[in-house]
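Listing of final00.txt, compact mmCIF, C-alpha atoms
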```
# COMPACT_ATOMS: atom_id res chain seq x y z
CA MET A 84 302.34 27.10 234.44
CA GLY A 85 302.40 29.43 237.43
CA THR A 86 301.65 33.11 237.65
CA GLY A 87 304.84 34.36 239.26
CA PRO A 88 305.68 37.95 240.13
CA ASP A 89 306.35 40.59 237.48
CA ILE A 90 310.09 40.65 236.70
CA ARG A 91 311.49 43.36 234.42
CA HIS A 92 315.22 43.67 233.92
CA GLU A 93 317.95 44.02 231.37
CA VAL A 94 320.14 41.09 230.41
CA SER A 95 323.65 41.83 229.10
CA ARG A 96 327.04 40.15 229.00
CA GLY A 97 327.96 38.66 232.38
CA ARG A 98 325.30 40.38 234.51
CA THR A 99 321.62 40.07 235.32
CA THR A 100 319.96 42.84 237.28
CA GLY A 101 317.20 41.35 239.37
CA PRO A 102 314.41 42.87 241.45
CA ALA A 103 316.83 43.88 244.20
CA ASP A 104 318.89 45.99 241.78
CA PRO A 105 317.92 49.24 240.13
CA VAL A 106 315.98 48.48 236.96
CA PRO A 107 317.84 50.14 234.08
CA GLY A 108 315.00 49.78 231.57
CA PRO A 109 315.05 51.39 228.15
CA ARG A 110 316.36 54.83 227.41
CA PRO A 111 313.79 57.64 227.57
CA ARG A 112 311.55 57.73 224.52
CA THR A 113 312.10 60.58 222.10
CA GLY A 114 309.34 59.72 219.62
CA PRO A 115 305.58 59.37 219.87
CA PRO A 116 303.97 56.30 221.49
CA GLY A 117 304.07 53.29 219.24
CA THR A 118 307.55 53.89 217.78
CA PRO A 119 310.43 51.40 218.15
CA TRP A 120 313.05 51.98 220.86
CA ASN A 121 315.87 54.14 219.58
CA SER A 122 318.73 51.86 220.63
CA GLU A 123 321.38 49.74 218.95
CA THR A 124 320.79 47.03 221.57
CA PRO A 125 318.06 44.64 220.34
CA SER A 126 314.83 45.03 222.31
CA VAL A 127 312.72 41.99 223.16
CA LEU A 128 309.51 41.60 225.14
CA LEU A 129 309.12 38.19 226.77
CA ILE A 130 305.48 37.30 227.48
CA GLU A 131 305.74 34.38 229.89
CA ASP A 132 303.98 33.74 233.20
CA ASP A 133 306.20 30.83 234.30
CA ASP A 134 309.25 32.00 236.25
CA GLY A 135 311.23 28.88 235.36
CA ASP A 136 310.71 29.33 231.64
CA ALA A 137 311.50 33.02 231.95
CA LEU A 138 314.77 32.17 233.73
CA LEU A 139 315.60 29.75 230.91
CA VAL A 140 315.28 32.55 228.38
CA GLU A 141 317.46 34.86 230.49
CA GLU A 142 320.17 32.19 230.75
CA LEU A 143 320.10 31.67 226.99
CA VAL A 144 320.69 35.37 226.49
CA LEU A 145 323.57 35.39 228.97
CA ASP A 146 325.13 32.32 227.38
CA SER A 147 324.98 33.95 223.94
CA GLY A 148 327.10 36.88 225.14
CA VAL A 149 324.98 39.30 223.08
CA PRO A 150 323.64 42.39 224.89
CA LEU A 151 319.85 42.32 224.77
CA LYS A 152 317.25 44.68 226.17
CA LEU A 153 314.81 42.18 227.66
CA ARG A 154 311.52 43.08 229.29
CA ARG A 155 308.88 40.72 230.62
CA ALA A 156 305.12 40.64 230.92
CA THR A 157 303.25 37.82 232.68
CA SER A 158 299.76 38.25 231.21
CA LEU A 159 298.04 39.52 228.11
CA ALA A 160 296.62 42.52 229.96
CA GLU A 161 300.08 43.49 231.15
CA THR A 162 301.37 42.99 227.60
CA VAL A 163 298.87 45.46 226.22
CA ARG A 164 299.95 48.06 228.78
CA GLU A 165 303.61 47.43 228.03
CA LEU A 166 303.12 47.74 224.26
CA SER A 167 301.37 51.07 224.72
CA ILE A 168 304.63 52.41 226.19
CA HIS A 169 307.38 50.55 224.33
CA VAL A 170 307.44 48.77 220.99
CA PRO A 171 310.08 46.04 220.92
CA GLN A 172 311.81 44.71 217.85
CA CYS A 173 310.76 41.20 218.80
CA VAL A 174 308.11 39.59 221.01
CA LEU A 175 308.66 36.14 222.54
CA LEU A 176 305.14 34.85 223.20
CA ASP A 177 304.09 31.87 225.26
CA LEU A 178 300.72 30.67 223.99
CA HIS A 179 299.43 29.72 227.43
CA LEU A 180 298.77 32.79 229.57
CA PRO A 181 296.47 33.26 232.54
CA ASP A 182 294.09 35.48 230.55
CA ALA A 183 294.52 34.13 226.98
CA GLN A 184 295.15 30.85 225.26
CA GLY A 185 296.57 29.89 221.89
CA LEU A 186 296.02 32.08 218.86
CA GLU A 187 293.88 34.52 220.82
CA ALA A 188 297.03 35.82 222.52
CA LEU A 189 298.87 36.00 219.20
CA ARG A 190 296.11 37.98 217.51
CA THR A 191 296.06 40.49 220.35
CA VAL A 192 299.83 40.97 220.18
CA LEU A 193 299.74 41.40 216.38
CA ASP A 194 296.94 43.97 216.72
CA HIS A 195 298.88 46.03 219.27
CA THR A 196 302.35 45.84 217.70
CA PRO A 197 302.08 45.13 213.96
CA GLU A 198 305.66 46.35 213.41
CA SER A 199 307.30 43.87 215.83
CA ALA A 200 308.51 40.39 214.93
CA VAL A 201 306.74 37.66 216.92
CA VAL A 202 308.35 34.34 217.89
CA VAL A 203 306.04 31.87 219.61
CA LEU A 204 307.31 29.65 222.46
CA THR A 205 305.78 26.15 222.56
CA GLY A 206 306.24 22.97 224.55
CA LEU A 207 307.74 19.74 223.27
CA ALA A 208 304.33 18.33 222.37
CA GLU A 209 302.96 21.52 220.80
CA GLU A 210 304.83 21.85 217.51
CA GLN A 211 301.56 21.94 215.56
CA ALA A 212 300.51 24.95 217.64
CA GLY A 213 303.73 26.68 216.60
CA LEU A 214 303.06 25.97 212.94
CA ALA A 215 299.52 27.30 213.31
CA ALA A 216 300.90 30.47 214.91
CA VAL A 217 303.27 31.03 211.97
CA ALA A 218 300.35 30.57 209.58
CA ALA A 219 298.42 33.15 211.61
CA GLY A 220 301.14 35.82 211.37
CA ALA A 221 304.06 34.95 213.67
CA GLN A 222 307.53 35.00 212.12
CA ASP A 223 308.75 31.78 213.78
CA TYR A 224 308.27 29.38 216.69
CA LEU A 225 310.70 27.85 219.18
CA ILE A 226 310.29 24.66 221.22
CA LYS A 227 311.33 25.33 224.81
CA GLY A 228 312.99 21.96 225.41
CA ARG A 229 315.26 22.26 222.40
CA LEU A 230 316.75 25.71 222.84
CA GLU A 231 320.46 26.52 222.59
CA ALA A 232 321.94 29.99 222.98
CA ASP A 233 323.26 30.42 219.44
CA PHE A 234 320.13 29.02 217.83
CA PHE A 235 317.92 31.10 220.11
CA LEU A 236 319.60 34.43 219.24
CA ARG A 237 319.79 33.54 215.55
CA ALA A 238 316.04 32.81 215.50
CA ILE A 239 315.30 36.22 217.01
CA ARG A 240 317.59 38.00 214.56
CA TYR A 241 316.11 36.20 211.54
CA ALA A 242 312.56 36.84 212.77
CA VAL A 243 313.30 40.57 213.02
CA GLN A 244 314.81 40.59 209.53
CA ARG A 245 311.82 38.72 208.10
CA LYS A 246 309.44 41.19 209.74
CA GLN A 247 311.35 44.15 208.35
CA THR A 248 311.24 42.57 204.90
CA GLU A 249 307.48 42.04 205.21
CA LEU A 250 306.93 45.65 206.28
CA ALA A 251 309.09 46.94 203.42
CA ALA A 252 307.20 44.79 200.91
CA ALA A 253 303.87 46.02 202.28
CA ALA A 254 305.01 49.65 202.05
CA LEU A 255 306.21 49.07 198.49
CA GLN A 256 302.89 47.53 197.50
CA ALA A 257 300.99 50.40 199.15
CA GLY A 258 303.13 52.85 197.21
CA ARG A 259 302.41 51.03 193.96
CA LEU A 260 298.69 51.03 194.63
CA ARG A 261 298.81 54.72 195.52
CA ALA A 262 300.71 55.47 192.32
CA GLN A 263 298.15 53.54 190.28
CA GLU A 264 295.31 55.41 191.96
CA ASN A 265 297.06 58.72 191.35
CA ALA A 266 297.51 57.80 187.70
CA ARG A 267 293.80 57.05 187.35
CA LEU A 268 292.87 60.31 189.05
CA GLU A 269 295.39 62.23 186.97
CA ARG A 270 293.91 60.87 183.77
CA GLY A 271 290.56 62.21 184.94
CA LEU A 272 291.94 65.59 185.96
CA LEU A 273 294.01 66.06 182.81
CA PRO A 274 291.65 65.42 179.90
CA THR A 275 292.10 65.21 176.17
CA PRO A 276 290.60 68.36 174.61
CA LEU A 277 287.47 67.75 172.56
CA LEU A 278 287.80 69.97 169.47
CA VAL A 279 285.99 70.20 166.14
CA ASP A 280 288.59 72.34 164.33
CA ASP A 281 292.07 73.79 164.75
CA SER A 282 291.00 77.37 165.46
CA VAL A 283 292.39 77.31 168.99
CA ALA A 284 295.88 76.28 170.11
CA ILE A 285 296.08 74.84 173.61
CA CYS A 286 298.91 74.66 176.11
CA ALA A 287 297.96 72.92 179.36
CA ARG A 288 300.11 72.13 182.39
CA TYR A 289 299.49 70.34 185.66
CA GLN A 290 302.05 70.12 188.48
CA PRO A 291 301.37 68.50 191.88
CA GLY A 292 302.46 70.39 194.99
CA ARG A 293 305.80 69.67 196.66
CA ALA A 294 306.35 66.20 198.06
CA GLN A 295 302.72 65.25 197.53
CA THR A 296 301.89 61.57 197.28
CA LEU A 297 298.28 62.39 196.57
CA LEU A 298 296.87 64.68 193.94
CA GLY A 299 294.84 67.70 194.82
CA GLY A 300 291.57 68.74 193.22
CA ASP A 301 292.84 71.16 190.54
CA PHE A 302 291.27 70.48 187.14
CA TYR A 303 290.81 71.95 183.70
CA ASP A 304 289.01 71.10 180.47
CA ILE A 305 288.32 72.48 177.00
CA VAL A 306 285.67 71.48 174.46
CA GLN A 307 284.17 72.87 171.28
CA THR A 308 280.50 72.51 170.52
CA PRO A 309 279.39 71.70 166.96
CA ASP A 310 278.82 75.41 166.18
CA GLY A 311 282.54 76.04 166.73
CA THR A 312 282.18 77.75 170.13
CA THR A 313 285.18 77.17 172.39
CA HIS A 314 284.47 76.45 176.07
CA ALA A 315 287.15 76.20 178.76
CA VAL A 316 287.30 75.83 182.53
CA VAL A 317 289.94 75.83 185.25
CA GLY A 318 288.94 74.90 188.81
CA ASP A 319 290.26 74.02 192.23
CA VAL A 320 288.64 71.86 194.91
CA SER A 321 289.67 72.85 198.44
CA GLY A 322 291.99 70.45 200.22
CA HIS A 323 294.22 67.59 199.05
CA GLY A 324 293.81 63.86 198.91
CA PRO A 325 291.89 61.18 197.04
CA ASP A 326 288.44 62.51 197.95
CA GLU A 327 289.26 66.00 196.68
CA ALA A 328 290.94 64.66 193.53
CA ALA A 329 287.96 62.43 192.80
CA LEU A 330 285.62 65.39 193.28
CA GLY A 331 287.75 67.43 190.87
CA VAL A 332 287.38 64.66 188.28
CA CYS A 333 283.64 64.55 188.93
CA LEU A 334 283.25 68.32 188.43
CA ARG A 335 285.34 68.31 185.27
CA VAL A 336 283.32 65.51 183.70
CA ALA A 337 280.07 67.17 184.81
CA TRP A 338 281.18 70.50 183.31
CA ARG A 339 281.97 68.84 179.98
CA SER A 340 278.65 66.98 179.96
CA PHE A 341 276.59 70.07 180.81
CA VAL A 342 278.37 72.20 178.20
CA LEU A 343 277.85 69.61 175.48
CA ALA A 344 274.19 69.41 176.52
CA GLY A 345 273.82 73.16 175.97
CA ALA A 346 273.94 74.48 179.56
CA GLN A 347 275.53 77.91 179.95
CA GLY A 348 275.65 80.97 182.18
CA GLN A 349 273.89 80.86 185.53
CA ARG A 350 272.34 77.46 184.83
CA LEU A 351 275.74 75.86 184.16
CA LEU A 352 277.27 76.93 187.47
CA GLY A 353 274.08 76.14 189.35
CA LEU A 354 274.18 72.57 188.03
CA LEU A 355 277.86 72.24 188.97
CA GLU A 356 277.12 73.38 192.50
CA ARG A 357 274.39 70.77 192.81
CA ILE A 358 276.88 68.10 191.75
CA LEU A 359 279.44 69.35 194.28
CA LEU A 360 276.92 69.34 197.14
CA ALA A 361 275.88 65.80 196.28
CA GLU A 362 279.39 64.39 195.87
CA ARG A 363 281.60 66.20 198.40
CA SER A 364 282.92 64.32 201.42
CA GLY A 365 282.07 67.02 203.96
CA PRO A 366 280.31 70.39 204.30
CA GLU A 367 283.64 72.22 204.51
CA ILE A 368 284.59 71.29 200.94
CA PHE A 369 284.10 73.91 198.22
CA ALA A 370 285.43 74.60 194.74
CA THR A 371 286.47 77.71 192.83
CA LEU A 372 286.52 77.98 189.06
CA THR A 373 286.61 80.25 186.05
CA THR A 374 284.83 79.24 182.88
CA LEU A 375 284.77 80.99 179.51
CA SER A 376 283.21 80.55 176.09
CA ARG A 377 283.97 82.22 172.77
CA THR A 378 281.79 81.87 169.69
CA ALA A 379 283.66 81.43 166.43
CA GLY A 380 284.46 84.84 164.95
CA ASP A 381 283.29 86.81 168.00
CA PRO A 382 285.89 89.39 169.16
CA HIS A 383 284.63 88.86 172.75
CA MET A 384 284.52 85.92 175.14
CA GLU A 385 282.03 85.38 177.95
CA VAL A 386 283.63 84.78 181.35
CA GLN A 387 282.15 83.57 184.65
CA ARG A 388 284.04 83.42 187.91
CA ALA A 389 283.07 81.49 191.06
CA GLY A 390 285.44 82.59 193.82
CA HIS A 391 288.40 82.04 191.52
CA LEU A 392 291.38 84.16 190.49
CA GLY A 393 291.53 86.52 187.53
CA LEU A 394 293.01 85.58 184.18
CA LEU A 395 295.84 86.87 182.01
CA LEU A 396 295.18 88.41 178.59
CA ARG A 397 298.09 88.51 176.13
CA SER A 398 298.21 90.86 173.15
CA PRO A 399 301.02 91.30 170.61
CA ASP A 400 300.28 95.04 170.68
CA THR A 401 299.62 95.87 174.36
CA GLY A 402 301.46 93.08 176.18
CA VAL A 403 299.95 91.24 179.16
CA ARG A 404 297.25 92.40 181.55
CA LEU A 405 295.36 90.86 184.46
CA GLU A 406 291.60 90.68 183.89
CA GLU A 407 289.39 90.36 186.97
CA VAL A 408 285.73 90.17 186.02
CA PRO A 409 282.88 90.39 188.55
CA GLY A 410 282.24 87.02 190.15
CA GLY A 411 280.08 85.06 192.54
CA PRO A 412 280.86 82.82 195.52
CA ALA A 413 282.80 79.58 195.35
CA LEU A 414 280.66 76.54 194.63
CA GLY A 415 279.38 74.98 197.84
CA LEU A 416 280.47 77.87 200.05
CA LEU A 417 276.94 79.22 200.67
CA PRO A 418 274.66 76.30 199.80
CA ASP A 419 271.63 77.73 201.62
CA HIS A 420 271.75 81.12 199.89
CA PRO A 421 270.84 81.79 196.25
CA ALA A 422 274.03 82.53 194.36
CA HIS A 423 274.57 84.66 191.28
CA TRP A 424 277.49 84.29 188.91
CA PRO A 425 277.38 87.11 186.38
CA VAL A 426 278.49 86.61 182.78
CA THR A 427 280.96 89.28 181.60
CA ARG A 428 281.90 89.91 178.00
CA VAL A 429 285.63 90.50 177.69
CA PRO A 430 287.33 91.68 174.48
CA VAL A 431 289.91 89.27 173.12
CA PRO A 432 292.78 91.04 171.34
CA GLU A 433 293.26 90.11 167.72
CA ASN A 434 295.89 87.36 167.55
CA GLY A 435 295.82 87.43 171.35
CA ALA A 436 295.67 84.70 173.99
CA VAL A 437 294.20 84.05 177.43
CA MET A 438 295.69 82.11 180.34
CA LEU A 439 293.65 80.59 183.18
CA PHE A 440 295.40 79.25 186.29
CA THR A 441 294.83 77.99 189.82
CA ASP A 442 296.09 79.62 193.00
CA GLY A 443 299.00 77.19 193.41
CA LEU A 444 300.87 79.31 190.87
CA VAL A 445 300.64 82.53 192.90
CA GLU A 446 300.54 81.39 196.55
CA GLY A 447 304.19 80.35 196.76
CA ARG A 448 306.51 82.46 198.88
CA THR A 449 309.05 84.67 197.16
CA GLY A 450 311.84 84.13 199.71
CA VAL A 451 312.38 83.24 203.34
CA GLY A 452 309.79 85.77 204.56
CA SER A 453 306.02 85.60 204.44
CA GLU A 454 305.56 87.54 201.19
CA ARG A 455 303.84 85.58 198.44
CA LEU A 456 304.00 86.01 194.68
CA GLY A 457 300.34 86.92 194.26
CA GLU A 458 298.57 87.86 191.04
CA GLU A 459 300.51 91.11 190.69
CA GLY A 460 303.80 89.26 191.02
CA LEU A 461 302.67 86.79 188.38
CA LEU A 462 301.69 89.67 186.11
CA ALA A 463 305.17 91.17 186.49
CA LEU A 464 306.76 87.84 185.54
CA ALA A 465 304.39 87.50 182.57
CA ARG A 466 305.34 90.94 181.27
CA LEU A 467 309.02 90.03 181.44
CA HIS A 468 308.40 87.06 179.15
CA ALA A 469 305.50 88.37 177.07
CA ASP A 470 307.28 87.81 173.76
CA ARG A 471 307.71 84.06 174.27
CA PRO A 472 305.55 81.52 172.43
CA ALA A 473 302.78 79.78 174.38
CA HIS A 474 304.61 76.69 175.68
CA ALA A 475 307.77 78.60 176.64
CA PHE A 476 305.66 81.36 178.22
CA VAL A 477 303.70 78.95 180.44
CA ASP A 478 306.72 76.84 181.39
CA THR A 479 308.76 79.93 182.25
CA LEU A 480 306.05 81.27 184.54
CA ILE A 481 305.76 77.98 186.42
CA HIS A 482 309.54 77.58 186.65
CA SER A 483 310.01 81.18 187.84
CA ALA A 484 307.35 80.78 190.54
CA GLN A 485 309.01 77.53 191.61
CA GLU A 486 312.44 79.17 191.78
CA LEU A 487 311.14 82.09 193.85
CA ALA A 488 309.59 79.65 196.32
CA ALA A 489 312.68 77.41 196.48
CA ALA A 490 313.84 78.82 199.82
CA ASP A 491 310.50 77.73 201.31
CA GLY A 492 310.64 74.29 199.73
CA GLY A 493 308.95 75.09 196.43
CA LEU A 494 305.32 75.44 195.48
CA ALA A 495 303.22 73.77 198.15
CA ASP A 496 299.96 73.57 196.22
CA ASP A 497 298.98 72.02 192.91
CA VAL A 498 299.29 74.17 189.79
CA ALA A 499 296.95 73.94 186.81
CA VAL A 500 297.41 76.27 183.83
CA LEU A 501 295.40 76.49 180.59
CA HIS A 502 296.63 78.79 177.80
CA LEU A 503 294.36 79.39 174.78
CA GLU A 504 295.41 81.11 171.61
CA TRP A 505 292.92 81.58 168.77
CA LYS A 506 293.85 81.56 165.11
CA ARG A 507 292.04 81.40 161.81
CA PRO A 508 290.75 77.87 161.13
CA THR A 509 292.33 76.12 158.16
```
Write the structure described by the file as structure tokens, please.
Amino acid sequence: MGTGPDIRHEVSRGRTTGPADPVPGPRPRTGPPGTPWNSETPSVLLIEDDDGDALLVEELVLDSGVPLKLRRATSLAETVRELSIHVPQCVLLDLHLPDAQGLEALRTVLDHTPESAVVVLTGLAEEQAGLAAVAAGAQDYLIKGRLEADFFLRAIRYAVQRKQTELAAAALQAGRLRAQENARLERGLLPTPLLVDDSVAICARYQPGRAQTLLGGDFYDIVQTPDGTTHAVVGDVSGHGPDEAALGVCLRVAWRSFVLAGAQGQRLLGLLERILLAERSGPEIFATLTTLSRTAGDPHMEVQRAGHLGLLLRSPDTGVRLEEVPGGPALGLLPDHPAHWPVTRVPVPENGAVMLFTDGLVEGRTGVGSERLGEEGLLALARLHADRPAHAFVDTLIHSAQELAAADGGLADDVAVLHLEWKRPT
């Protein structure tokens, strides 16, 4: 085969524009590089260095009477340049090029345009090469000496349809795998409470941020040690995605293990920070959390805060208030500086409750402006619904925050809420 001049033109019904005519080419691109042409006319890239074979393809298109946006490249190097500018719906590939032979050319085309259908052009004595190309990823092959216009256009159309079906199936499978991974991560983030008696009633909620396909790193947990002490934590790993969600699971499991092993106070948070530093995917990742413990019968609970929000205290006598105890830095924020997380004793109202939450509940906008709900806004909502039982109270707060942020698309971040209400054990 020869290495004739580069010919690029459009073939449509009844007219071929050659080198002497203005080259119409595709319409200007409106999307980023690597996106298909935005045109109803099918787009095809012919990769063929032989002018006679290229003319045969052009005549087949003209004979079919179907408008077709046809471009041509005469070498693999030129093909790579062309595909960096335009992505056709279909590639017609001759396996014998000046700078590539056989499946080498096919692999290069598939690497540079995985979303395009590929139809291989072979000679009369090369049908096995066509079959090998289909096995290697091409959608079809055509034998040059046996081409007719109707069959030629039908092969291109079917190849494009098969490619679209393959891409849809791959996207569906990727979505299924992502959903399975999310389910596994969610099971780790949303644990089963480990309790030794019924002295504490628990209401827990987790809600992913808007339109998220991946979980964030919000987590919570609650356990009771054999002496009846209740321990609880709510935390938030910065960022979103599988790495952050996995780190959230890791911190939750580590917190449960350390608590059951007897760690508390400064030692507990110091151990958690060591785990975070060892497991995080990058130095920019940190985590905030609030942890509390209440010994059976004690009218106080001990609270520690690491860069996290305050908590809500509910009392049947005095209503709802926001409690913000002294705290230390977020875990992993200042790894080279000794950190201190003070323990604060907070009175728990008789027959009262406490609610821990992550910042996704308060960072949503309250309208079309830039104002956000914030902790004070959440407190105002909580006071409006203070007389509701635990589950209705928590659900109403989340729903109200979601409604307020509706004009901005809803709550953007994950929301984790843990509501604890103590009662006399039976």
Draw an axis-aligned box tight on the listed atoms of segment 387-393 of chain A, then pad every side by 4 Å and write out centre and edge lengths in Å to one decimal as JSON.
```
{"center_x": 286.8, "center_y": 84.0, "center_z": 189.2, "size_x": 17.4, "size_y": 13.0, "size_z": 17.2}
```
field: Selected residue, from A:Ala219, A:Val403, A:Leu461, A:Val386, that lies nearest to Val317 of chain A when counting all atoms listed in the file
entry: A:Val386
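In terms of minimum interatomic distance to Ala212 of chain A, A:Gln184 ranks closest within A:Gln184, A:Gln307, A:Thr401, A:Gln485, counting only C-alpha atoms.
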task: With a distance cut-off of 12 Å and all atoms listed in the file, select the neighbouring residues of segment 490-496 of chain A, excluding the residue or stretch itself and same-chain residues fewer than 2 positions from it, and output the selection as a ChimeraX atom specification.
output: /A:289-295,297-301,319-324,441-456,481-488,498-499
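Using all atoms listed in the file, the nearest neighbour of Val437 of chain A within the list A:Pro421, A:Asp304, A:Phe369, A:Val283 is A:Val283.
As for atom CA of Val203 of chain A and atom CA of Gln256 of chain A, they are spaced 27.3 Å apart.
Taking all atoms listed in the file into account, Arg404 of chain A lies nearest to A:Ala463 out of the set A:His391, A:Arg350, A:His383, A:Ala463.
Note that atom CA of Ser376 of chain A and atom CA of Asp400 of chain A are 23.0 Å apart.
The two atoms in question, atom CA of Asp326 of chain A and atom CA of Leu359 of chain A, are spaced 11.9 Å apart.
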task: Would you mind telling me which residue in A:Ala252, A:Cys286, A:Ile358, A:Thr373 lies nearest to His474 of chain A when using only C-alpha atoms?
output: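 Ranking A:Ala252, A:Cys286, A:Ile358, A:Thr373 by distance to His474 of chain A, first place goes to A:Cys286.
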task: Enumerate, as a ChimeraX atom specification, the protein, DNA and RNA residues whose atoms approach (311.8, 43.9, 221.8) to within 10 Å, taking into account only C-alpha atoms and the coordinate frame of the file.
output: /A:119-120,124-129,151-155,166,169-175,199-201,239,243
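Near Pro274 of chain A, within 10 Å and counting all atoms listed in the file, sit Glu269, Arg270, Ala287, Phe302, Tyr303, Asp304, Ile305, Val332, Arg335 and Val336 of chain A, not including residues fewer than 4 positions from it in the same chain.
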message: I'd like the contact shell of segment 351-357 of chain A - 9 Å cut-off, only C-alpha atoms, skipping same-chain residues fewer than 3 positions apart - returned as a PyMOL selection string.
response: chain A and resi 334+337-338+341-342+345-348+360-362+370+387+389+413-415+418+422-424
field: Given all atoms listed in the file as the counted atoms, nearest of A:His468, A:Arg190, A:Arg397, A:His179 to Ala218 of chain A
entry: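 Using all atoms listed in the file, the shortest distance to Ala218 of chain A belongs to A:Arg190.
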Shell of 6 Å around Glu385 of chain A, all atoms listed in the file, local chain residues under 2 positions omitted, as JSON, numbers by chain: {"A": [375, 376, 427, 428]}
message: Residues within 6 Å of (295.2, 86.5, 173.9), file coordinates, counting all atoms listed in the file: what are they? Give the list as a PyMOL selection string.
response: chain A and resi 396-398+432+435-437+504
message: Please list as a VMD selection string every residue within 9 Å of Glu433 of chain A, counting all atoms listed in the file and excluding residues in the same chain fewer than 6 positions away.
response: chain A and resid 382 398 to 399 505 to 506
Once you count only C-alpha atoms, what closest atom pair and distance in Å to one decimal does each residue of segment 295-323 of chain A within 12 Å of segment 377-380 of chain A have, with rows by chain and rising residue number, as CSV?
```
residue,atom,partner,partner_atom,distance
A:Ile305,CA,A:Arg377,CA,11.5
A:Val306,CA,A:Arg377,CA,11.0
A:Gln307,CA,A:Thr378,CA,9.4
A:Thr308,CA,A:Thr378,CA,9.5
A:Pro309,CA,A:Ala379,CA,10.6
A:Asp310,CA,A:Ala379,CA,7.7
A:Gly311,CA,A:Ala379,CA,5.5
A:Thr312,CA,A:Thr378,CA,4.2
A:Thr313,CA,A:Arg377,CA,5.2
A:His314,CA,A:Arg377,CA,6.7
A:Ala315,CA,A:Arg377,CA,9.1
```
Would you fill out segment 445-460 of chain A with N, CA and C atoms and return it as an mmCIF file, keeping the file's coordinate frame?
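Generated output (rebuild.cif):
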```cif
data_model
loop_
_atom_site.group_PDB
_atom_site.id
_atom_site.type_symbol
_atom_site.label_atom_id
_atom_site.label_comp_id
_atom_site.auth_asym_id
_atom_site.auth_seq_id
_atom_site.Cartn_x
_atom_site.Cartn_y
_atom_site.Cartn_z
ATOM 1 N N VAL A 445 300.380 81.192 192.343
ATOM 2 C CA VAL A 445 300.640 82.530 192.900
ATOM 3 C C VAL A 445 300.763 82.532 194.421
ATOM 4 N N GLU A 446 300.510 81.396 195.080
ATOM 5 C CA GLU A 446 300.540 81.390 196.550
ATOM 6 C C GLU A 446 301.899 81.005 197.120
ATOM 7 N N GLY A 447 302.864 80.670 196.264
ATOM 8 C CA GLY A 447 304.190 80.350 196.760
ATOM 9 C C GLY A 447 304.897 81.578 197.307
ATOM 10 N N ARG A 448 305.744 81.356 198.298
ATOM 11 C CA ARG A 448 306.510 82.460 198.880
ATOM 12 C C ARG A 448 307.604 82.898 197.912
ATOM 13 N N THR A 449 308.017 84.134 198.050
ATOM 14 C CA THR A 449 309.050 84.670 197.160
ATOM 15 C C THR A 449 310.395 84.786 197.866
ATOM 16 N N GLY A 450 310.586 84.095 198.952
ATOM 17 C CA GLY A 450 311.840 84.130 199.710
ATOM 18 C C GLY A 450 311.617 83.502 201.059
ATOM 19 N N VAL A 451 312.473 83.837 202.016
ATOM 20 C CA VAL A 451 312.380 83.240 203.340
ATOM 21 C C VAL A 451 311.326 83.919 204.196
ATOM 22 N N GLY A 452 310.819 85.075 203.794
ATOM 23 C CA GLY A 452 309.790 85.770 204.560
ATOM 24 C C GLY A 452 308.415 85.237 204.258
ATOM 25 N N SER A 453 307.396 86.033 204.610
ATOM 26 C CA SER A 453 306.020 85.600 204.440
ATOM 27 C C SER A 453 305.394 86.133 203.152
ATOM 28 N N GLU A 454 306.129 86.945 202.397
ATOM 29 C CA GLU A 454 305.560 87.540 201.190
ATOM 30 C C GLU A 454 305.349 86.466 200.126
ATOM 31 N N ARG A 455 304.178 86.535 199.476
ATOM 32 C CA ARG A 455 303.840 85.580 198.440
ATOM 33 C C ARG A 455 303.839 86.267 197.075
ATOM 34 N N LEU A 456 303.920 85.460 196.029
ATOM 35 C CA LEU A 456 304.000 86.010 194.680
ATOM 36 C C LEU A 456 302.757 86.808 194.338
ATOM 37 N N GLY A 457 301.596 86.225 194.523
ATOM 38 C CA GLY A 457 300.340 86.920 194.260
ATOM 39 C C GLY A 457 300.112 87.148 192.764
ATOM 40 N N GLU A 458 298.919 87.626 192.441
ATOM 41 C CA GLU A 458 298.570 87.860 191.040
ATOM 42 C C GLU A 458 299.408 88.989 190.435
ATOM 43 N N GLU A 459 299.700 90.014 191.221
ATOM 44 C CA GLU A 459 300.510 91.110 190.690
ATOM 45 C C GLU A 459 301.933 90.652 190.408
ATOM 46 N N GLY A 460 302.467 89.805 191.274
ATOM 47 C CA GLY A 460 303.800 89.260 191.020
ATOM 48 C C GLY A 460 303.820 88.391 189.775
#
```
